[in-house]
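> Just so it is clear, I am handing over input35.pdb, which has PDB, C-alpha atoms.
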ATOM      1  CA  MET A   1     -33.983 -44.162  40.895
ATOM      2  CA  ASN A   2     -36.520 -41.353  41.265
ATOM      3  CA  SER A   3     -37.410 -38.909  38.491
ATOM      4  CA  ARG A   4     -35.389 -36.076  40.043
ATOM      5  CA  THR A   5     -32.169 -38.152  40.066
ATOM      6  CA  PHE A   6     -32.775 -39.287  36.508
ATOM      7  CA  SER A   7     -33.222 -35.702  35.412
ATOM      8  CA  ARG A   8     -29.902 -34.707  37.002
ATOM      9  CA  LEU A   9     -28.044 -37.587  35.322
ATOM     10  CA  GLY A  10     -29.658 -36.710  32.018
ATOM     11  CA  ALA A  11     -28.495 -33.134  32.341
ATOM     12  CA  VAL A  12     -24.930 -34.255  33.050
ATOM     13  CA  HIS A  13     -25.045 -36.636  30.100
ATOM     14  CA  VAL A  14     -26.199 -33.859  27.762
ATOM     15  CA  THR A  15     -23.524 -31.487  29.120
ATOM     16  CA  VAL A  16     -20.722 -34.032  28.553
ATOM     17  CA  TRP A  17     -21.805 -34.653  24.998
ATOM     18  CA  THR A  18     -22.081 -30.914  24.355
ATOM     19  CA  VAL A  19     -18.490 -30.406  25.510
ATOM     20  CA  LEU A  20     -17.248 -33.328  23.412
ATOM     21  CA  ALA A  21     -19.089 -32.115  20.361
ATOM     22  CA  THR A  22     -17.866 -28.518  20.627
ATOM     23  CA  GLY A  23     -14.395 -29.125  22.091
ATOM     24  CA  ALA A  24     -12.599 -29.120  18.771
ATOM     25  CA  ALA A  25     -14.175 -25.842  17.762
ATOM     26  CA  ALA A  26     -13.282 -24.289  21.108
ATOM     27  CA  ALA A  27      -9.580 -25.193  20.776
ATOM     28  CA  PRO A  28      -7.257 -22.322  19.764
ATOM     29  CA  ALA A  29      -6.937 -22.004  15.992
ATOM     30  CA  GLN A  30      -3.489 -22.723  14.582
ATOM     31  CA  ALA A  31      -2.043 -19.830  12.539
ATOM     32  CA  ALA A  32      -1.386 -20.675   8.926
ATOM     33  CA  PRO A  33       2.340 -20.602   8.076
ATOM     34  CA  VAL A  34       3.500 -17.377   6.435
ATOM     35  CA  ARG A  35       4.636 -18.144   2.902
ATOM     36  CA  PRO A  36       7.938 -16.492   1.957
ATOM     37  CA  PRO A  37       7.689 -14.016  -0.923
ATOM     38  CA  SER A  38       9.292 -14.418  -4.325
ATOM     39  CA  ILE A  39      11.956 -11.808  -5.133
ATOM     40  CA  THR A  40      13.969 -11.051  -8.261
ATOM     41  CA  ALA A  41      17.207 -10.473  -6.334
ATOM     42  CA  LYS A  42      19.809 -13.235  -6.305
ATOM     43  CA  GLY A  43      20.202 -12.871  -2.565
ATOM     44  CA  GLY A  44      18.018 -11.673   0.269
ATOM     45  CA  PHE A  45      17.994 -11.783   4.051
ATOM     46  CA  VAL A  46      15.801 -10.313   6.784
ATOM     47  CA  MET A  47      16.194 -10.370  10.544
ATOM     48  CA  ASN A  48      14.392  -9.111  13.634
ATOM     49  CA  THR A  49      16.890  -6.917  15.460
ATOM     50  CA  GLY A  50      15.270  -7.550  18.825
ATOM     51  CA  SER A  51      15.533 -11.330  18.782
ATOM     52  CA  GLY A  52      18.219 -11.723  16.132
ATOM     53  CA  ALA A  53      15.972 -14.289  14.437
ATOM     54  CA  ALA A  54      16.272 -14.805  10.694
ATOM     55  CA  LEU A  55      12.895 -14.107   9.084
ATOM     56  CA  TYR A  56      13.820 -14.773   5.453
ATOM     57  CA  ALA A  57      16.807 -16.152   3.575
ATOM     58  CA  LYS A  58      17.577 -16.616  -0.105
ATOM     59  CA  GLY A  59      21.234 -17.128  -0.974
ATOM     60  CA  ALA A  60      21.909 -15.503   2.396
ATOM     61  CA  ASP A  61      25.563 -16.544   2.407
ATOM     62  CA  SER A  62      26.270 -16.203  -1.304
ATOM     63  CA  ARG A  63      29.182 -13.868  -1.990
ATOM     64  CA  LEU A  64      28.035 -11.101  -4.318
ATOM     65  CA  PRO A  65      29.330  -7.641  -5.329
ATOM     66  CA  THR A  66      28.183  -4.994  -2.866
ATOM     67  CA  GLY A  67      27.955  -1.858  -4.972
ATOM     68  CA  SER A  68      27.708   1.238  -2.792
ATOM     69  CA  THR A  69      26.281  -0.685   0.155
ATOM     70  CA  ALA A  70      29.992  -0.964   1.025
ATOM     71  CA  LYS A  71      29.741   2.680   2.113
ATOM     72  CA  ILE A  72      27.966   1.471   5.246
ATOM     73  CA  MET A  73      31.342   0.089   6.307
ATOM     74  CA  THR A  74      33.106   3.284   5.184
ATOM     75  CA  ALA A  75      30.874   5.255   7.544
ATOM     76  CA  HIS A  76      31.187   2.658  10.307
ATOM     77  CA  VAL A  77      34.994   2.842  10.232
ATOM     78  CA  VAL A  78      34.962   6.658  10.362
ATOM     79  CA  LEU A  79      32.430   6.766  13.190
ATOM     80  CA  SER A  80      34.484   4.214  15.142
ATOM     81  CA  GLN A  81      37.543   6.496  15.246
ATOM     82  CA  LYS A  82      38.654   7.475  18.739
ATOM     83  CA  ASN A  83      38.091  11.122  19.653
ATOM     84  CA  LEU A  84      36.278  11.721  16.363
ATOM     85  CA  ASP A  85      35.540  15.386  15.683
ATOM     86  CA  LEU A  86      32.522  15.485  13.389
ATOM     87  CA  ASP A  87      32.961  19.228  12.916
ATOM     88  CA  ALA A  88      36.577  19.000  11.742
ATOM     89  CA  LYS A  89      36.934  20.507   8.264
ATOM     90  CA  VAL A  90      38.412  18.529   5.390
ATOM     91  CA  PRO A  91      39.673  20.363   2.274
ATOM     92  CA  VAL A  92      38.367  18.924  -1.000
ATOM     93  CA  GLN A  93      41.278  17.825  -3.194
ATOM     94  CA  MET A  94      41.463  17.689  -6.999
ATOM     95  CA  ALA A  95      42.183  13.944  -6.706
ATOM     96  CA  TYR A  96      38.633  13.351  -5.432
ATOM     97  CA  SER A  97      37.112  15.128  -8.411
ATOM     98  CA  ASP A  98      39.423  13.378 -10.878
ATOM     99  CA  TYR A  99      38.446  10.020  -9.394
ATOM    100  CA  ILE A 100      34.748  10.682  -9.987
ATOM    101  CA  VAL A 101      35.395  11.549 -13.619
ATOM    102  CA  ALA A 102      37.703   8.570 -14.212
ATOM    103  CA  LYS A 103      35.271   6.060 -12.659
ATOM    104  CA  THR A 104      32.054   7.721 -13.888
ATOM    105  CA  ALA A 105      31.051   7.392 -10.253
ATOM    106  CA  SER A 106      28.151   8.718  -8.207
ATOM    107  CA  SER A 107      29.024  12.074  -6.708
ATOM    108  CA  ALA A 108      28.212  14.453  -3.861
ATOM    109  CA  ARG A 109      29.365  17.220  -6.249
ATOM    110  CA  LEU A 110      32.107  18.409  -3.899
ATOM    111  CA  ILE A 111      33.938  21.504  -5.135
ATOM    112  CA  VAL A 112      37.737  21.514  -5.120
ATOM    113  CA  GLY A 113      39.039  23.913  -2.497
ATOM    114  CA  ASP A 114      35.910  23.857  -0.335
ATOM    115  CA  LYS A 115      36.263  22.841   3.309
ATOM    116  CA  VAL A 116      33.653  20.302   4.315
ATOM    117  CA  THR A 117      33.102  18.937   7.817
ATOM    118  CA  VAL A 118      33.354  15.221   8.546
ATOM    119  CA  ARG A 119      29.656  15.187   9.384
ATOM    120  CA  GLN A 120      28.865  16.779   6.019
ATOM    121  CA  LEU A 121      31.061  14.261   4.237
ATOM    122  CA  LEU A 122      29.059  11.480   5.895
ATOM    123  CA  TYR A 123      25.854  13.037   4.557
ATOM    124  CA  GLY A 124      27.441  13.286   1.105
ATOM    125  CA  LEU A 125      28.558   9.663   1.414
ATOM    126  CA  LEU A 126      25.261   8.142   2.534
ATOM    127  CA  LEU A 127      22.564  10.247   0.831
ATOM    128  CA  PRO A 128      23.685  10.866  -2.795
ATOM    129  CA  SER A 129      26.227   8.013  -2.404
ATOM    130  CA  GLY A 130      29.138  10.305  -3.185
ATOM    131  CA  CYS A 131      32.301   8.442  -4.093
ATOM    132  CA  ASP A 132      34.140  11.760  -3.813
ATOM    133  CA  ALA A 133      33.002  11.986  -0.180
ATOM    134  CA  ALA A 134      34.131   8.382   0.361
ATOM    135  CA  TYR A 135      37.564   9.212  -1.090
ATOM    136  CA  ALA A 136      37.881  12.266   1.171
ATOM    137  CA  LEU A 137      37.045  10.200   4.261
ATOM    138  CA  ALA A 138      39.452   7.407   3.321
ATOM    139  CA  ASP A 139      42.226   9.931   2.640
ATOM    140  CA  THR A 140      41.560  11.608   5.985
ATOM    141  CA  TYR A 141      41.251   8.542   8.208
ATOM    142  CA  GLY A 142      43.772   6.241   6.598
ATOM    143  CA  THR A 143      47.403   6.399   7.719
ATOM    144  CA  GLY A 144      50.502   6.904   5.609
ATOM    145  CA  SER A 145      52.694   9.533   4.006
ATOM    146  CA  THR A 146      51.001   9.329   0.588
ATOM    147  CA  ARG A 147      47.380   9.394  -0.517
ATOM    148  CA  GLN A 148      47.739   5.920  -1.983
ATOM    149  CA  ALA A 149      49.072   4.585   1.311
ATOM    150  CA  ARG A 150      46.292   6.246   3.276
ATOM    151  CA  VAL A 151      43.599   4.800   1.055
ATOM    152  CA  LYS A 152      45.134   1.328   1.302
ATOM    153  CA  SER A 153      45.284   1.712   5.058
ATOM    154  CA  PHE A 154      41.646   2.753   5.250
ATOM    155  CA  VAL A 155      40.464  -0.223   3.181
ATOM    156  CA  GLY A 156      42.515  -2.380   5.534
ATOM    157  CA  LYS A 157      40.552  -0.891   8.445
ATOM    158  CA  MET A 158      37.318  -1.796   6.659
ATOM    159  CA  ASN A 159      38.426  -5.421   6.402
ATOM    160  CA  SER A 160      39.641  -5.496   9.998
ATOM    161  CA  ALA A 161      36.256  -4.198  11.105
ATOM    162  CA  ALA A 162      34.532  -6.903   9.059
ATOM    163  CA  THR A 163      36.662  -9.551  10.753
ATOM    164  CA  GLY A 164      35.925  -8.056  14.161
ATOM    165  CA  LEU A 165      32.187  -8.247  13.475
ATOM    166  CA  GLY A 166      32.452 -11.879  12.386
ATOM    167  CA  LEU A 167      31.547 -11.147   8.768
ATOM    168  CA  LYS A 168      33.259 -14.205   7.345
ATOM    169  CA  ASN A 169      32.005 -13.794   3.786
ATOM    170  CA  THR A 170      32.865 -10.122   3.350
ATOM    171  CA  HIS A 171      35.895  -8.468   1.779
ATOM    172  CA  PHE A 172      36.467  -4.902   0.617
ATOM    173  CA  ASP A 173      39.017  -3.733  -1.926
ATOM    174  CA  SER A 174      37.781  -0.154  -2.220
ATOM    175  CA  PHE A 175      36.420   2.606  -0.009
ATOM    176  CA  ASP A 176      33.222   3.044  -2.030
ATOM    177  CA  GLY A 177      32.191  -0.346  -3.410
ATOM    178  CA  ILE A 178      33.616   0.160  -6.895
ATOM    179  CA  GLY A 179      35.178  -3.268  -7.083
ATOM    180  CA  ASN A 180      38.647  -4.240  -8.193
ATOM    181  CA  GLY A 181      37.886  -7.953  -8.270
ATOM    182  CA  LYS A 182      37.653  -8.647  -4.533
ATOM    183  CA  ASN A 183      34.800  -6.513  -3.280
ATOM    184  CA  TYR A 184      32.036  -8.785  -2.028
ATOM    185  CA  SER A 185      29.685  -9.540   0.818
ATOM    186  CA  THR A 186      26.481 -11.489   1.460
ATOM    187  CA  PRO A 187      22.918 -10.551   2.369
ATOM    188  CA  ARG A 188      23.417 -11.951   5.871
ATOM    189  CA  ASP A 189      26.732 -10.147   6.458
ATOM    190  CA  LEU A 190      25.490  -6.779   5.183
ATOM    191  CA  THR A 191      22.392  -7.056   7.352
ATOM    192  CA  ARG A 192      24.531  -7.754  10.403
ATOM    193  CA  LEU A 193      26.792  -4.825   9.489
ATOM    194  CA  ALA A 194      23.772  -2.532   9.185
ATOM    195  CA  VAL A 195      22.469  -3.605  12.588
ATOM    196  CA  GLN A 196      25.828  -2.683  14.105
ATOM    197  CA  ALA A 197      26.089   0.615  12.216
ATOM    198  CA  MET A 198      22.569   1.623  13.257
ATOM    199  CA  LYS A 199      23.662   1.563  16.894
ATOM    200  CA  ASN A 200      25.529   4.804  16.234
ATOM    201  CA  PRO A 201      23.171   7.800  16.624
ATOM    202  CA  THR A 202      24.962   9.877  13.971
ATOM    203  CA  PHE A 203      24.725   7.107  11.389
ATOM    204  CA  ARG A 204      21.109   6.441  12.314
ATOM    205  CA  ALA A 205      20.175  10.122  11.976
ATOM    206  CA  ILE A 206      21.866  10.456   8.584
ATOM    207  CA  VAL A 207      20.461   7.364   6.852
ATOM    208  CA  LYS A 208      16.856   8.222   7.746
ATOM    209  CA  THR A 209      17.211  11.725   6.222
ATOM    210  CA  LYS A 210      15.351  12.137   2.916
ATOM    211  CA  SER A 211      17.163  15.331   1.916
ATOM    212  CA  THR A 212      19.403  17.964   3.449
ATOM    213  CA  LYS A 213      20.988  21.331   2.724
ATOM    214  CA  GLN A 214      24.466  21.808   4.162
ATOM    215  CA  ARG A 215      26.479  25.031   4.234
ATOM    216  CA  VAL A 216      30.182  24.496   3.485
ATOM    217  CA  THR A 217      33.132  26.903   3.497
ATOM    218  CA  THR A 218      34.616  27.926   0.150
ATOM    219  CA  LYS A 219      38.355  28.340  -0.430
ATOM    220  CA  ASN A 220      37.901  32.132  -0.310
ATOM    221  CA  GLY A 221      36.291  31.993   3.126
ATOM    222  CA  GLY A 222      32.753  32.390   1.868
ATOM    223  CA  TYR A 223      29.892  29.904   2.032
ATOM    224  CA  ARG A 224      28.186  27.539  -0.347
ATOM    225  CA  ASP A 225      24.964  25.558   0.186
ATOM    226  CA  MET A 226      25.068  21.908  -0.858
ATOM    227  CA  SER A 227      21.794  20.016  -1.360
ATOM    228  CA  TRP A 228      21.734  16.229  -1.147
ATOM    229  CA  THR A 229      18.845  13.798  -1.632
ATOM    230  CA  ASN A 230      18.792  10.246  -0.349
ATOM    231  CA  THR A 231      18.841   7.562  -3.052
ATOM    232  CA  ASN A 232      16.796   5.255  -0.780
ATOM    233  CA  LYS A 233      13.266   5.603  -2.182
ATOM    234  CA  LEU A 234      11.706   3.602   0.661
ATOM    235  CA  LEU A 235      12.052   6.671   2.864
ATOM    236  CA  GLY A 236       8.722   8.431   2.764
ATOM    237  CA  THR A 237       7.043   5.654   0.765
ATOM    238  CA  TYR A 238       7.267   2.691   3.145
ATOM    239  CA  ARG A 239       5.656   3.269   6.547
ATOM    240  CA  GLY A 240       8.283   3.118   9.267
ATOM    241  CA  ALA A 241      11.330   3.108   6.954
ATOM    242  CA  ILE A 242      14.470   4.358   8.751
ATOM    243  CA  GLY A 243      17.321   3.635   6.270
ATOM    244  CA  VAL A 244      19.885   2.427   5.293
ATOM    245  CA  LYS A 245      21.801   2.342   1.913
ATOM    246  CA  THR A 246      21.411   1.665  -1.800
ATOM    247  CA  GLY A 247      23.973   0.234  -4.184
ATOM    248  CA  SER A 248      24.236  -0.404  -7.903
ATOM    249  CA  GLY A 249      26.710  -1.138 -10.653
ATOM    250  CA  PRO A 250      27.357  -3.287 -13.739
ATOM    251  CA  GLU A 251      28.385  -6.277 -11.596
ATOM    252  CA  ALA A 252      26.389  -5.568  -8.443
ATOM    253  CA  LYS A 253      23.137  -4.854 -10.339
ATOM    254  CA  TYR A 254      20.728  -3.227  -7.861
ATOM    255  CA  CYS A 255      21.213  -3.615  -4.125
ATOM    256  CA  LEU A 256      19.566  -2.251  -0.996
ATOM    257  CA  VAL A 257      20.171  -2.609   2.707
ATOM    258  CA  PHE A 258      16.939  -1.538   4.389
ATOM    259  CA  ALA A 259      15.386  -1.070   7.811
ATOM    260  CA  ALA A 260      11.975  -0.162   9.202
ATOM    261  CA  THR A 261      10.340   0.092  12.607
ATOM    262  CA  ARG A 262       6.683  -0.593  13.373
ATOM    263  CA  GLY A 263       4.979  -1.143  16.701
ATOM    264  CA  GLY A 264       8.278  -1.207  18.542
ATOM    265  CA  ARG A 265       9.734  -3.879  16.257
ATOM    266  CA  THR A 266      12.655  -3.191  13.921
ATOM    267  CA  VAL A 267      13.283  -5.326  10.853
ATOM    268  CA  VAL A 268      16.549  -5.029   8.907
ATOM    269  CA  GLY A 269      17.453  -6.782   5.691
ATOM    270  CA  THR A 270      19.335  -6.807   2.418
ATOM    271  CA  VAL A 271      18.687  -7.587  -1.228
ATOM    272  CA  LEU A 272      21.643  -8.046  -3.574
ATOM    273  CA  ALA A 273      21.699  -8.284  -7.363
ATOM    274  CA  SER A 274      18.101  -7.327  -8.032
ATOM    275  CA  SER A 275      17.234  -6.878 -11.692
ATOM    276  CA  SER A 276      16.266  -3.177 -11.688
ATOM    277  CA  GLU A 277      15.864  -0.209  -9.372
ATOM    278  CA  ALA A 278      12.090  -0.698  -9.315
ATOM    279  CA  ASN A 279      12.426  -4.404  -8.571
ATOM    280  CA  ARG A 280      14.985  -3.646  -5.862
ATOM    281  CA  ASN A 281      12.425  -1.506  -4.067
ATOM    282  CA  THR A 282       9.670  -4.050  -4.642
ATOM    283  CA  ASP A 283      11.876  -6.857  -3.332
ATOM    284  CA  ALA A 284      12.709  -4.868  -0.190
ATOM    285  CA  THR A 285       9.049  -3.980   0.366
ATOM    286  CA  LYS A 286       8.034  -7.634   0.084
ATOM    287  CA  LEU A 287      10.686  -8.684   2.579
ATOM    288  CA  LEU A 288       9.780  -5.968   5.058
ATOM    289  CA  ASP A 289       6.099  -6.895   4.844
ATOM    290  CA  HIS A 290       7.048 -10.547   5.315
ATOM    291  CA  GLY A 291       9.189  -9.688   8.327
ATOM    292  CA  PHE A 292       6.456  -7.703  10.039
ATOM    293  CA  ARG A 293       3.841 -10.420   9.405
ATOM    294  CA  GLN A 294       5.800 -12.935  11.453
TER
END
With the file now loaded, output its structure as structure tokens.


Amino acid sequence: MNSRTFSRLGAVHVTVWTVLATGAAAAPAQAAPVRPPSITAKGGFVMNTGSGAALYAKGADSRLPTGSTAKIMTAHVVLSQKNLDLDAKVPVQMAYSDYIVAKTASSARLIVGDKVTVRQLLYGLLLPSGCDAAYALADTYGTGSTRQARVKSFVGKMNSAATGLGLKNTHFDSFDGIGNGKNYSTPRDLTRLAVQAMKNPTFRAIVKTKSTKQRVTTKNGGYRDMSWTNTNKLLGTYRGAIGVKTGSGPEAKYCLVFAATRGGRTVVGTVLASSSEANRNTDATKLLDHGFRQ
């Protein structure tokens, strides 16, 4: 073997050992698993709407009171009506006002005798969480010869819609989430409901609105301006937030169905029975951040 051949073999030998020594470092680094956050809510669920993949689950199928997150279904049923006229005017009845007083319920501050369009009622339903607006919609889109029959019919439509969407752990016994013993859902079911509701452009436009001023017709033919502010504090504070609905109550505690879009990805989720309004927002923020990190 001459010196030139030996030199070539030596170079190969050094190269092989260099590759072996540095191969491990050159291999692609494995991403560390994303640790799920801790939340105060009894139940939470997050999903990627594009893939349908679950990104977080805590008590995802536990049946819990919904609070006003039930109004997502109220809106969904109305917006699913055939030949819906969003500009049709609905007269505000004394019964709606009396209901608010009797239940000490959240209100859109509708004035008896005013004529409010269906679109405006949906704003009053979903922004200030008006139970009077919910009552007006149920009375209008239920069927029957009496108000009681129409309301019962409308709640029946809510449950039929839940069945049609495959929400097996959901049941409504009111049009606004004020429970009568059988008003419940789960974080997973409410998230799936929100994903379906967000497919409707009217619903989507309303729930991302921070505040609005709507002109309604008074009983004397004049006009009145109604101002409504969204109870969802993530709007304007969480980058990419696009909705959808808060809920609260003695049994429900603090609930939030939420959605945000970043970089072409949309994450939707739910927290139920959080311990306070502040913790509800913190819980939702943690879950959104967790969803976008994955």

> Find the spatial neighbours of Gly177 of chain A, counting only C-alpha atoms, within a cut-off of 7 Å - ignore same-chain residues fewer than 3 positions away - and output them as a ChimeraX atom specification.

/A:66-71,174,183

> Point out the residue among A:Lys157, A:Arg188, A:Arg224, A:Arg63 with the least atom-to-atom distance to Val116 of chain A, counting all atoms listed in the file.

A:Arg224

> Return as a PyMOL selection string the set of residues that the PyMOL selection byres ((chain A and resi 247-251) around 10) yields on the displayed structure.

chain A and resi 64-71+105-106+129+176-179+231-232+245-246+252-257+271-274+276-277+280

> When the PyMOL selection byres ((chain A and resi 136) around 10) is applied to the structure above, which residues does it catch, written out as a PyMOL selection string?

chain A and resi 90-93+95-96+110+116+118+121+125+130-135+137-141+151+175

> Those same residues, written as a short mmCIF file (atom, residue, chain, number, x, y, z; two decimals), keeping the file's coordinate frame with C-alpha atoms?


data_model
loop_
_atom_site.label_atom_id
_atom_site.label_comp_id
_atom_site.auth_asym_id
_atom_site.auth_seq_id
_atom_site.Cartn_x
_atom_site.Cartn_y
_atom_site.Cartn_z
CA VAL A 90 38.41 18.53 5.39
CA PRO A 91 39.67 20.36 2.27
CA VAL A 92 38.37 18.92 -1.00
CA GLN A 93 41.28 17.82 -3.19
CA ALA A 95 42.18 13.94 -6.71
CA TYR A 96 38.63 13.35 -5.43
CA LEU A 110 32.11 18.41 -3.90
CA VAL A 116 33.65 20.30 4.32
CA VAL A 118 33.35 15.22 8.55
CA LEU A 121 31.06 14.26 4.24
CA LEU A 125 28.56 9.66 1.41
CA GLY A 130 29.14 10.30 -3.18
CA CYS A 131 32.30 8.44 -4.09
CA ASP A 132 34.14 11.76 -3.81
CA ALA A 133 33.00 11.99 -0.18
CA ALA A 134 34.13 8.38 0.36
CA TYR A 135 37.56 9.21 -1.09
CA LEU A 137 37.04 10.20 4.26
CA ALA A 138 39.45 7.41 3.32
CA ASP A 139 42.23 9.93 2.64
CA THR A 140 41.56 11.61 5.98
CA TYR A 141 41.25 8.54 8.21
CA VAL A 151 43.60 4.80 1.06
CA PHE A 175 36.42 2.61 -0.01
#

> Taking the file as shown, what set of residues would the PyMOL selection byres ((chain A and resi 191-202) around 10) give back, as a PyMOL selection string?

chain A and resi 44-49+52+60+69-70+72-73+75-77+79-80+86+119+122-123+161-162+165-167+186-190+203-207+242-245+257-259+266-271

> List the spatial neighbours of Asn220 of chain A as a PDB file with C-alpha atoms, in the coordinates of the input - criterion: any atom at most 9 Å away, all atoms listed in the file, same-chain residues fewer than 2 positions off excluded.


ATOM      1  CA  GLY A 113      39.039  23.913  -2.497  1.00  0.00           C
ATOM      2  CA  ASP A 114      35.910  23.857  -0.335  1.00  0.00           C
ATOM      3  CA  THR A 217      33.132  26.903   3.497  1.00  0.00           C
ATOM      4  CA  THR A 218      34.616  27.926   0.150  1.00  0.00           C
ATOM      5  CA  GLY A 222      32.753  32.390   1.868  1.00  0.00           C
ATOM      6  CA  TYR A 223      29.892  29.904   2.032  1.00  0.00           C
TER       7      TYR A 223
END

> What gap, in Å, lies between atom CA of Pro37 of chain A and atom CA of Lys210 of chain A?

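Interatomic distance here is 27.5 Å.
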
> For segment 263-273 of chain A, take all atoms listed in the file, fit an axis-aligned box around them, add 3 Å to each of the six sides, then output centre and edge lengths in Å rounded to one decimal, as lines of an AutoDock Vina configuration file.


center_x = 13.3
center_y = -4.7
center_z = 5.6
size_x = 22.7
size_y = 13.1
size_z = 31.9

> Can you measure atom CA of Arg150 of chain A to atom CA of Lys89 of chain A for me? One decimal in Å is fine.

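Separating atom CA of Arg150 of chain A from atom CA of Lys89 of chain A is a distance of 17.8 Å.
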
> Which one is closest to Leu235 of chain A: A:Val155, A:Ser160, A:Leu127, A:Thr146? Count all atoms listed in the file.

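Selected residue with least distance to Leu235 of chain A: A:Leu127.
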
> Which distance in Å separates atom CA of Asn169 of chain A and atom CA of Gly43 of chain A, to one decimal?

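Separation between atom CA of Asn169 of chain A and atom CA of Gly43 of chain A: 13.4 Å.
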
> Can you pull out the residues contacting Lys213 of chain A? Cut-off 8 Å, using only C-alpha atoms, and skip same-chain residues under 4 positions away; I want them as a short mmCIF file (atom, residue, chain, number, x, y, z; two decimals) with C-alpha atoms, keeping the file's coordinate frame.


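This is the output file selection-v4.cif:
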data_model
loop_
_atom_site.label_atom_id
_atom_site.label_comp_id
_atom_site.auth_asym_id
_atom_site.auth_seq_id
_atom_site.Cartn_x
_atom_site.Cartn_y
_atom_site.Cartn_z
CA ASP A 225 24.96 25.56 0.19
CA MET A 226 25.07 21.91 -0.86
CA SER A 227 21.79 20.02 -1.36
CA TRP A 228 21.73 16.23 -1.15
#

> With distances taken over only C-alpha atoms, which of A:Ala88, A:Ala102, A:Leu126, A:Ala57 is nearest to Lys42 of chain A?

A:Ala57

> Kindly output segment 132-147 of chain A as an mmCIF file, keeping the file's coordinate frame, after building N, CA and C atoms.


data_model
loop_
_atom_site.group_PDB
_atom_site.id
_atom_site.type_symbol
_atom_site.label_atom_id
_atom_site.label_comp_id
_atom_site.auth_asym_id
_atom_site.auth_seq_id
_atom_site.Cartn_x
_atom_site.Cartn_y
_atom_site.Cartn_z
ATOM 1 N N ASP A 132 33.173 10.729 -4.154
ATOM 2 C CA ASP A 132 34.140 11.760 -3.813
ATOM 3 C C ASP A 132 34.194 11.960 -2.297
ATOM 4 N N ALA A 133 33.039 11.896 -1.642
ATOM 5 C CA ALA A 133 33.002 11.986 -0.180
ATOM 6 C C ALA A 133 33.685 10.775 0.451
ATOM 7 N N ALA A 134 33.486 9.595 -0.140
ATOM 8 C CA ALA A 134 34.131 8.382 0.361
ATOM 9 C C ALA A 134 35.656 8.501 0.256
ATOM 10 N N TYR A 135 36.129 9.027 -0.877
ATOM 11 C CA TYR A 135 37.564 9.212 -1.090
ATOM 12 C C TYR A 135 38.130 10.172 -0.046
ATOM 13 N N ALA A 136 37.420 11.277 0.194
ATOM 14 C CA ALA A 136 37.881 12.266 1.171
ATOM 15 C C ALA A 136 37.992 11.659 2.564
ATOM 16 N N LEU A 137 37.019 10.834 2.944
ATOM 17 C CA LEU A 137 37.045 10.200 4.261
ATOM 18 C C LEU A 137 38.171 9.177 4.367
ATOM 19 N N ALA A 138 38.376 8.399 3.311
ATOM 20 C CA ALA A 138 39.452 7.407 3.321
ATOM 21 C C ALA A 138 40.819 8.088 3.390
ATOM 22 N N ASP A 139 40.973 9.180 2.648
ATOM 23 C CA ASP A 139 42.226 9.931 2.640
ATOM 24 C C ASP A 139 42.496 10.562 4.007
ATOM 25 N N THR A 140 41.429 10.939 4.690
ATOM 26 C CA THR A 140 41.560 11.608 5.985
ATOM 27 C C THR A 140 41.824 10.623 7.118
ATOM 28 N N TYR A 141 41.178 9.462 7.073
ATOM 29 C CA TYR A 141 41.251 8.542 8.208
ATOM 30 C C TYR A 141 42.099 7.299 7.964
ATOM 31 N N GLY A 142 42.733 7.248 6.785
ATOM 32 C CA GLY A 142 43.772 6.241 6.598
ATOM 33 C C GLY A 142 45.080 6.793 7.127
ATOM 34 N N THR A 143 46.089 5.951 7.248
ATOM 35 C CA THR A 143 47.403 6.399 7.719
ATOM 36 C C THR A 143 48.455 6.154 6.649
ATOM 37 N N GLY A 144 49.442 7.052 6.597
ATOM 38 C CA GLY A 144 50.502 6.904 5.609
ATOM 39 C C GLY A 144 50.966 8.255 5.106
ATOM 40 N N SER A 145 52.106 8.272 4.466
ATOM 41 C CA SER A 145 52.694 9.533 4.006
ATOM 42 C C SER A 145 52.203 9.937 2.618
ATOM 43 N N THR A 146 51.537 9.021 1.913
ATOM 44 C CA THR A 146 51.001 9.329 0.588
ATOM 45 C C THR A 146 49.504 9.034 0.567
ATOM 46 N N ARG A 147 48.818 9.642 -0.400
ATOM 47 C CA ARG A 147 47.380 9.394 -0.517
ATOM 48 C C ARG A 147 47.112 7.930 -0.813
#
